[in-house]
$ cat my_file25.tsv   # TSV, C-alpha atoms
chain	number	residue	atom	x	y	z
A	1	MET	CA	-47.05	-4.19	-87.05
A	2	LYS	CA	-48.38	-4.23	-83.46
A	3	ARG	CA	-46.26	-7.21	-82.53
A	4	ARG	CA	-43.17	-5.54	-83.97
A	5	THR	CA	-43.86	-2.31	-82.06
A	6	LYS	CA	-44.27	-4.24	-78.80
A	7	PHE	CA	-40.97	-6.03	-79.34
A	8	CYS	CA	-39.17	-2.76	-80.12
A	9	ALA	CA	-40.44	-1.26	-76.86
A	10	ILE	CA	-39.20	-4.23	-74.83
A	11	ALA	CA	-35.88	-4.59	-76.64
A	12	PRO	CA	-34.13	-1.62	-74.93
A	13	VAL	CA	-35.08	-3.01	-71.52
A	14	LEU	CA	-33.68	-6.41	-72.41
A	15	LEU	CA	-30.52	-4.76	-73.72
A	16	ILE	CA	-30.04	-2.83	-70.46
A	17	MET	CA	-30.56	-6.00	-68.41
A	18	LEU	CA	-28.08	-7.85	-70.59
A	19	LEU	CA	-25.47	-5.10	-70.21
A	20	MET	CA	-25.99	-5.01	-66.41
A	21	GLY	CA	-25.49	-8.77	-66.31
A	22	MET	CA	-22.30	-8.44	-68.33
A	23	VAL	CA	-20.96	-5.77	-65.95
A	24	MET	CA	-21.73	-7.93	-62.93
A	25	SER	CA	-20.15	-10.95	-64.61
A	26	CYS	CA	-17.02	-8.97	-65.47
A	27	LYS	CA	-16.62	-7.88	-61.84
A	28	ASP	CA	-16.85	-11.52	-60.80
A	29	PHE	CA	-13.85	-12.36	-63.01
A	30	ILE	CA	-11.84	-9.10	-63.08
A	31	GLU	CA	-10.45	-7.93	-59.75
A	32	PRO	CA	-10.65	-4.19	-59.06
A	33	SER	CA	-7.21	-2.57	-58.90
A	34	LEU	CA	-5.96	-1.47	-55.48
A	35	GLU	CA	-3.15	0.72	-56.82
A	36	LYS	CA	-4.90	4.06	-56.15
A	37	ARG	CA	-6.26	3.08	-52.72
A	38	LYS	CA	-4.60	3.71	-49.39
A	39	VAL	CA	-4.26	1.87	-46.10
A	40	VAL	CA	-5.09	4.05	-43.07
A	41	LEU	CA	-3.15	2.98	-39.97
A	42	LEU	CA	-5.02	3.36	-36.67
A	43	ALA	CA	-2.74	2.01	-33.93
A	44	PRO	CA	-0.04	2.36	-32.85
A	45	ALA	CA	-0.10	5.91	-34.19
A	46	ASP	CA	3.00	7.52	-35.65
A	47	GLY	CA	5.17	8.78	-32.78
A	48	ALA	CA	3.35	6.74	-30.10
A	49	GLU	CA	5.28	5.72	-26.95
A	50	SER	CA	4.33	3.01	-24.48
A	51	GLY	CA	5.65	0.80	-21.68
A	52	LYS	CA	3.48	-2.13	-22.75
A	53	TYR	CA	5.30	-4.95	-24.53
A	54	GLN	CA	2.08	-6.30	-26.02
A	55	VAL	CA	1.30	-4.15	-29.06
A	56	GLY	CA	-1.96	-4.28	-30.99
A	57	PHE	CA	-1.60	-3.34	-34.67
A	58	TRP	CA	-4.82	-2.08	-36.30
A	59	TRP	CA	-5.76	-0.42	-39.61
A	60	GLU	CA	-8.88	0.39	-41.60
A	61	PRO	CA	-10.13	-2.26	-44.05
A	62	VAL	CA	-9.62	-1.59	-47.76
A	63	GLU	CA	-12.43	-2.48	-50.16
A	64	ASP	CA	-11.66	-5.42	-52.49
A	65	ALA	CA	-8.54	-6.37	-50.50
A	66	LEU	CA	-8.03	-10.08	-49.87
A	67	TYR	CA	-4.83	-9.85	-47.83
A	68	TYR	CA	-2.76	-7.39	-45.84
A	69	ARG	CA	1.02	-7.53	-45.65
A	70	LEU	CA	2.44	-6.21	-42.38
A	71	GLN	CA	6.16	-5.54	-42.02
A	72	LEU	CA	7.87	-4.47	-38.80
A	73	VAL	CA	11.52	-3.44	-38.38
A	74	THR	CA	13.78	-1.82	-35.83
A	75	PRO	CA	14.60	1.02	-35.70
A	76	ASP	CA	13.14	2.12	-39.07
A	77	PHE	CA	13.02	1.13	-42.75
A	78	ALA	CA	15.65	3.66	-43.77
A	79	GLY	CA	18.24	2.05	-41.50
A	80	ALA	CA	16.73	-1.29	-40.53
A	81	SER	CA	18.95	-3.43	-38.31
A	82	SER	CA	16.40	-6.21	-37.83
A	83	LEU	CA	13.26	-7.50	-39.57
A	84	VAL	CA	10.92	-8.31	-36.70
A	85	ALA	CA	7.88	-9.44	-38.71
A	86	ASP	CA	6.79	-9.92	-42.33
A	87	THR	CA	3.28	-11.34	-42.23
A	88	LEU	CA	0.63	-11.86	-44.92
A	89	MET	CA	-2.77	-11.81	-43.25
A	90	ASN	CA	-5.85	-13.32	-44.87
A	91	GLY	CA	-8.43	-10.51	-44.68
A	92	LEU	CA	-7.76	-9.62	-41.03
A	93	ASN	CA	-7.02	-5.98	-40.21
A	94	LYS	CA	-5.54	-6.41	-36.72
A	95	ILE	CA	-2.90	-8.47	-34.95
A	96	SER	CA	-1.16	-8.47	-31.54
A	97	LEU	CA	2.60	-8.98	-31.13
A	98	THR	CA	4.88	-9.08	-28.10
A	99	LEU	CA	7.97	-6.89	-28.58
A	100	ASP	CA	11.12	-5.99	-26.65
A	101	PRO	CA	11.76	-2.38	-25.63
A	102	GLY	CA	13.09	-0.30	-28.52
A	103	ARG	CA	12.29	1.91	-31.48
A	104	TYR	CA	10.16	0.41	-34.28
A	105	GLN	CA	8.58	1.27	-37.59
A	106	TRP	CA	5.73	-0.68	-39.16
A	107	ARG	CA	3.95	-0.57	-42.48
A	108	VAL	CA	0.99	-2.23	-44.17
A	109	ARG	CA	-0.23	-2.63	-47.71
A	110	ALA	CA	-3.46	-4.19	-49.02
A	111	GLU	CA	-3.29	-6.92	-51.68
A	112	ASN	CA	-5.50	-9.02	-53.89
A	113	GLY	CA	-4.61	-11.51	-56.60
A	114	SER	CA	-3.53	-8.92	-59.18
A	115	SER	CA	-2.62	-5.64	-57.44
A	116	HIS	CA	-1.66	-3.94	-54.20
A	117	THR	CA	-1.63	-0.53	-52.57
A	118	ALA	CA	1.47	1.40	-51.62
A	119	TYR	CA	2.75	0.85	-48.09
A	120	THR	CA	1.61	3.18	-45.29
A	121	SER	CA	4.05	3.40	-42.38
A	122	ALA	CA	4.29	4.70	-38.81
A	123	GLY	CA	6.93	4.63	-36.07
A	124	PHE	CA	6.63	4.07	-32.31
A	125	ILE	CA	8.74	3.49	-29.20
A	126	ILE	CA	8.42	0.87	-26.45
A	127	HIS	CA	10.07	1.83	-23.17
A	128	GLU	CA	11.48	-0.74	-20.76
A	129	SER	CA	9.22	-1.37	-17.77
A	130	SER	CA	8.58	-3.97	-15.09
A	131	VAL	CA	7.44	-7.47	-16.01
A	132	GLU	CA	4.58	-6.88	-13.53
A	133	GLU	CA	2.92	-4.57	-16.06
A	134	GLN	CA	3.12	-7.07	-18.91
A	135	LYS	CA	1.03	-9.96	-20.17
A	136	VAL	CA	2.04	-13.12	-22.04
A	137	ILE	CA	0.35	-13.76	-25.40
A	138	LEU	CA	-0.66	-17.37	-26.07
A	139	SER	CA	0.21	-18.51	-29.58
A	140	LEU	CA	-0.93	-22.06	-30.42
A	141	PRO	CA	-3.34	-23.69	-30.51
A	142	GLY	CA	-6.01	-20.99	-30.63
A	143	SER	CA	-8.78	-20.93	-28.06
A	144	GLY	CA	-11.55	-23.40	-28.85
A	145	TYR	CA	-9.10	-26.07	-30.06
A	146	LEU	CA	-10.81	-29.46	-30.48
A	147	SER	CA	-9.01	-32.67	-31.41
A	148	ASN	CA	-8.96	-36.44	-31.13
A	149	GLN	CA	-5.15	-36.41	-30.90
A	150	GLU	CA	-3.85	-37.37	-27.47
A	151	THR	CA	-0.98	-34.85	-27.41
A	152	VAL	CA	-1.00	-31.13	-28.19
A	153	GLN	CA	1.88	-28.64	-28.34
A	154	LEU	CA	1.12	-25.49	-26.33
A	155	LYS	CA	3.06	-22.38	-27.39
A	156	TRP	CA	3.33	-18.77	-26.22
A	157	ASN	CA	5.30	-15.64	-27.10
A	158	ALA	CA	8.49	-14.57	-25.33
A	159	LEU	CA	8.30	-11.66	-22.89
A	160	PHE	CA	11.25	-9.34	-22.30
A	161	GLY	CA	12.58	-9.67	-18.75
A	162	ALA	CA	11.20	-13.17	-18.15
A	163	GLU	CA	13.46	-15.88	-16.75
A	164	GLN	CA	10.83	-18.60	-16.83
A	165	TYR	CA	7.15	-19.15	-17.61
A	166	ARG	CA	4.52	-20.74	-15.39
A	167	LEU	CA	1.96	-22.86	-17.24
A	168	GLN	CA	-1.28	-23.92	-15.59
A	169	ILE	CA	-3.82	-26.36	-17.06
A	170	ASP	CA	-7.12	-27.00	-15.33
A	171	THR	CA	-10.61	-28.38	-15.88
A	172	GLU	CA	-12.15	-25.79	-13.55
A	173	ASN	CA	-11.27	-22.11	-13.04
A	174	PHE	CA	-7.75	-22.34	-11.54
A	175	GLY	CA	-9.17	-22.03	-8.02
A	176	ASP	CA	-7.15	-24.81	-6.34
A	177	GLU	CA	-3.52	-25.27	-7.39
A	178	ALA	CA	-3.36	-28.66	-5.65
A	179	LYS	CA	-6.08	-30.05	-7.93
A	180	MET	CA	-4.87	-28.64	-11.23
A	181	VAL	CA	-4.08	-30.96	-14.11
A	182	TYR	CA	-0.69	-29.26	-14.51
A	183	ASN	CA	1.10	-26.44	-12.69
A	184	GLY	CA	4.77	-26.11	-13.64
A	185	THR	CA	7.47	-23.82	-14.99
A	186	SER	CA	9.61	-23.83	-18.13
A	187	ALA	CA	12.43	-21.69	-19.48
A	188	GLY	CA	11.15	-22.39	-23.00
A	189	LEU	CA	8.16	-21.19	-24.98
A	190	SER	CA	6.27	-24.46	-25.45
A	191	TYR	CA	5.02	-27.52	-23.61
A	192	SER	CA	3.87	-30.89	-24.94
A	193	PHE	CA	0.65	-31.74	-23.09
A	194	THR	CA	-0.91	-35.20	-23.09
A	195	PHE	CA	-4.61	-35.25	-22.29
A	196	PRO	CA	-5.31	-37.51	-19.30
A	197	LYS	CA	-8.95	-38.03	-20.35
A	198	GLU	CA	-11.66	-36.68	-22.62
A	199	GLY	CA	-13.20	-33.32	-21.84
A	200	LEU	CA	-12.67	-29.56	-21.72
A	201	PHE	CA	-9.40	-28.11	-20.42
A	202	LYS	CA	-8.21	-24.52	-19.87
A	203	TRP	CA	-4.67	-23.18	-19.96
A	204	ARG	CA	-2.87	-19.94	-19.14
A	205	VAL	CA	0.72	-18.69	-18.82
A	206	ARG	CA	2.55	-15.96	-16.91
A	207	ALA	CA	6.16	-14.77	-17.03
A	208	GLU	CA	8.34	-14.80	-13.93
A	209	ASN	CA	11.79	-13.69	-12.82
A	210	ALA	CA	13.52	-13.69	-9.44
A	211	ALA	CA	11.73	-10.53	-8.33
A	212	VAL	CA	8.29	-10.28	-9.93
A	213	GLN	CA	5.60	-12.00	-11.99
A	214	SER	CA	3.65	-10.79	-15.00
A	215	LYS	CA	-0.09	-10.76	-15.33
A	216	TRP	CA	-1.69	-14.00	-16.43
A	217	SER	CA	-2.34	-14.45	-20.14
A	218	ASP	CA	-5.84	-14.79	-21.50
A	219	ILE	CA	-7.35	-18.22	-20.83
A	220	PHE	CA	-7.59	-20.54	-23.85
A	221	ASN	CA	-9.81	-23.63	-24.07
A	222	LEU	CA	-8.79	-27.12	-25.23
A	223	SER	CA	-11.14	-30.03	-25.90
A	224	TYR	CA	-10.21	-33.68	-26.29
A	225	ASP	CA	-12.78	-36.01	-27.87
A	226	ILE	CA	-12.23	-39.61	-28.93
A	227	SER	CA	-15.87	-40.76	-28.80
A	228	PRO	CA	-17.09	-41.62	-32.31
A	229	PRO	CA	-20.55	-40.59	-33.52
A	230	GLY	CA	-23.35	-43.11	-33.90
A	231	LYS	CA	-24.06	-45.44	-36.79
A	232	VAL	CA	-25.76	-44.07	-39.91
A	233	THR	CA	-29.06	-45.56	-41.08
A	234	ILE	CA	-29.70	-45.70	-44.82
A	235	VAL	CA	-32.98	-44.20	-46.14
A	236	GLY	CA	-32.80	-45.05	-49.82
A	237	PRO	CA	-32.76	-46.31	-52.43
A	238	ALA	CA	-33.99	-49.61	-51.08
A	239	ASN	CA	-31.48	-52.44	-51.12
A	240	GLY	CA	-31.34	-54.27	-54.48
A	241	LEU	CA	-33.47	-51.70	-56.30
A	242	VAL	CA	-33.05	-51.13	-60.06
A	243	VAL	CA	-32.75	-47.38	-60.66
A	244	THR	CA	-32.12	-44.83	-63.38
A	245	LYS	CA	-29.36	-42.22	-63.22
A	246	PRO	CA	-28.86	-39.92	-61.47
A	247	VAL	CA	-29.38	-41.80	-58.19
A	248	THR	CA	-29.95	-39.86	-54.98
A	249	LEU	CA	-28.39	-41.71	-52.05
A	250	GLN	CA	-29.98	-40.76	-48.74
A	251	TRP	CA	-29.39	-41.49	-45.04
A	252	THR	CA	-30.51	-40.24	-41.62
A	253	GLY	CA	-28.58	-37.58	-39.76
A	254	VAL	CA	-26.51	-38.36	-36.67
A	255	ALA	CA	-26.66	-35.83	-33.82
A	256	THR	CA	-22.92	-35.27	-33.33
A	257	ALA	CA	-21.94	-35.55	-37.01
A	258	LYS	CA	-20.17	-32.64	-38.70
A	259	LYS	CA	-19.84	-34.45	-42.04
A	260	TYR	CA	-20.46	-37.87	-43.56
A	261	LYS	CA	-18.06	-40.15	-45.39
A	262	LEU	CA	-19.61	-41.90	-48.36
A	263	TYR	CA	-18.01	-45.12	-49.64
A	264	VAL	CA	-19.09	-46.35	-53.09
A	265	PHE	CA	-17.76	-49.67	-54.42
A	266	LYS	CA	-17.74	-51.56	-57.69
A	267	ASN	CA	-18.94	-55.13	-57.95
A	268	ASP	CA	-15.45	-56.38	-56.97
A	269	LYS	CA	-15.69	-54.23	-53.79
A	270	THR	CA	-12.93	-51.82	-54.81
A	271	LEU	CA	-13.68	-48.11	-54.46
A	272	TYR	CA	-15.66	-46.87	-57.44
A	273	SER	CA	-13.23	-44.03	-58.25
A	274	SER	CA	-10.59	-41.78	-56.71
A	275	GLY	CA	-13.43	-39.46	-55.63
A	276	PHE	CA	-14.42	-41.95	-52.91
A	277	PRO	CA	-14.72	-42.00	-50.03
A	278	ALA	CA	-16.35	-38.58	-50.44
A	279	LEU	CA	-16.91	-36.13	-47.58
A	280	VAL	CA	-20.51	-34.88	-47.66
A	281	SER	CA	-21.94	-32.05	-45.56
A	282	GLY	CA	-25.59	-33.11	-45.81
A	283	THR	CA	-27.51	-36.37	-45.69
A	284	SER	CA	-27.73	-37.06	-49.42
A	285	TYR	CA	-25.51	-37.46	-52.46
A	286	VAL	CA	-26.34	-37.56	-56.17
A	287	PHE	CA	-24.52	-40.44	-57.88
A	288	ASN	CA	-24.34	-40.10	-61.66
A	289	LEU	CA	-21.74	-42.69	-62.64
A	290	GLY	CA	-22.00	-46.27	-63.82
A	291	GLU	CA	-23.22	-48.22	-66.84
A	292	PRO	CA	-26.56	-49.96	-67.54
A	293	GLY	CA	-26.74	-53.33	-65.80
A	294	GLU	CA	-23.94	-52.46	-63.36
A	295	LYS	CA	-24.37	-53.23	-59.67
A	296	VAL	CA	-23.11	-50.58	-57.24
A	297	TYR	CA	-22.50	-51.01	-53.49
A	298	TRP	CA	-22.36	-48.20	-50.90
A	299	ARG	CA	-22.02	-47.43	-47.18
A	300	VAL	CA	-21.89	-44.25	-45.09
A	301	SER	CA	-20.23	-43.26	-41.80
A	302	ALA	CA	-20.57	-40.13	-39.66
A	303	VAL	CA	-17.56	-37.93	-38.82
A	304	ASP	CA	-17.70	-35.54	-35.86
A	305	GLU	CA	-16.00	-32.15	-35.41
A	306	ALA	CA	-12.97	-33.71	-33.71
A	307	GLY	CA	-12.41	-36.04	-36.68
A	308	ASN	CA	-13.73	-39.24	-35.09
A	309	GLU	CA	-15.38	-41.60	-37.59
A	310	GLY	CA	-18.36	-43.68	-36.53
A	311	ALA	CA	-19.29	-47.21	-37.54
A	312	LEU	CA	-20.17	-47.82	-41.18
A	313	SER	CA	-23.82	-48.22	-42.10
A	314	ASP	CA	-25.13	-51.53	-43.35
A	315	GLU	CA	-23.99	-52.19	-46.92
A	316	MET	CA	-26.56	-51.35	-49.60
A	317	ASN	CA	-26.62	-51.92	-53.34
A	318	PHE	CA	-28.55	-50.89	-56.42
A	319	SER	CA	-28.44	-51.76	-60.11
A	320	ILE	CA	-28.38	-49.20	-62.88
A	321	GLN	CA	-31.14	-49.57	-65.44
$ encode --input "my_file25.tsv" --output "structure tokens"
Amino acid sequence: MKRRTKFCAIAPVLLIMLLMGMVMSCKDFIEPSLEKRKVVLLAPADGAESGKYQVGFWWEPVEDALYYRLQLVTPDFAGASSLVADTLMNGLNKISLTLDPGRYQWRVRAENGSSHTAYTSAGFIIHESSVEEQKVILSLPGSGYLSNQETVQLKWNALFGAEQYRLQIDTENFGDEAKMVYNGTSAGLSYSFTFPKEGLFKWRVRAENAAVQSKWSDIFNLSYDISPPGKVTIVGPANGLVVTKPVTLQWTGVATAKKYKLYVFKNDKTLYSSGFPALVSGTSYVFNLGEPGEKVYWRVSAVDEAGNEGALSDEMNFSIQ
């Protein structure tokens, strides 16, 4: 009887814990509906007027939203003559756009995989003003770009009133125009730049016409890296060892490695499966394939952030018991 009483006292607690776990599990699989929620627009406010062509759009985050859809038209949605933007943003609640003078209306709704809010809208006016008061927005690539590709396409947004754009690329701080990597003008909105060497580069753009110049854009960084990381050293299992599954393959870390590429081969030196080479974040991998008596070969290389792959490690092998 005592044992039964003790169990009966504990049972309600276990039931509550089970129900809590079920609720948490359900939330993991069932998305909350956004239909009754609302997007609150912050800027530009309804009725705002400005002489700045660069407009920052900003709204309050909505709980459980995965995306935000921003639409922008001129002059308004009731009598739209032009769709200026229709953008689905992944979780971000702000964006900057360069616009021409005119009357605009914008709206935003929050979305997830199964529902969305209603749109919230606001209207604003941009007045024509001098190019001197404006600023070019750089588009691609984003600041902090790192690549092992020799050529990169630099892009920026158009600015009303501009006749041409001056692009400057430098390895310092744009102090001496005579020593810059590039200092030229273009009527277009892009430039194909070929890196002259490895290293860090900076770029900026301003708009110009016959009378005045705009302010310089923000400065974005570019990095070019073609130096591969060092060679990986295998830790274990020891070469030729007979092992039982699963087998933990281990190697030493390389200082500049972002990931490692693991190659596993069959006895005929073909890749073991379509899953190889496998990209691994750490310095180990659990191998659980193969049949008893089978001999497996493997090698590892380091891959840096720019995508450069280092030399392959020495080839190792093990036999499955």
$ atom_distance --input "my_file25.tsv" --atom1 "atom CA of Thr87 of chain A" --atom2 "atom CA of Thr120 of chain A"
14.9 Å
$ residues_around --input "my_file25.tsv" --residues "segment 135-148 of chain A" --least-positions-apart "4" --cutoff "9 Å" --atoms "only C-alpha atoms" --output "PyMOL selection string"
chain A and resi 52-54+96-98+131+152-159+198+200+202+204-207+214-227+305-308
$ atom_distance --input "my_file25.tsv" --atom1 "atom CA of Phe57 of chain A" --atom2 "atom CA of Glu208 of chain A"
25.7 Å
$ closest_residue --input "my_file25.tsv" --among "A:Ile320, A:Ala45, A:Ala122, A:Leu70" --to "Leu241 of chain A" --atoms "only C-alpha atoms"
A:Ile320
$ atom_distance --input "my_file25.tsv" --atom1 "atom CA of Val300 of chain A" --atom2 "atom CA of Leu262 of chain A"
4.6 Å
$ residues_near_point --input "my_file25.tsv" --point "(-4.0, 1.5, -53.3)" --cutoff "9 Å" --atoms "only C-alpha atoms" --output "ChimeraX atom specification"
/A:33-39,62,109-111,115-119
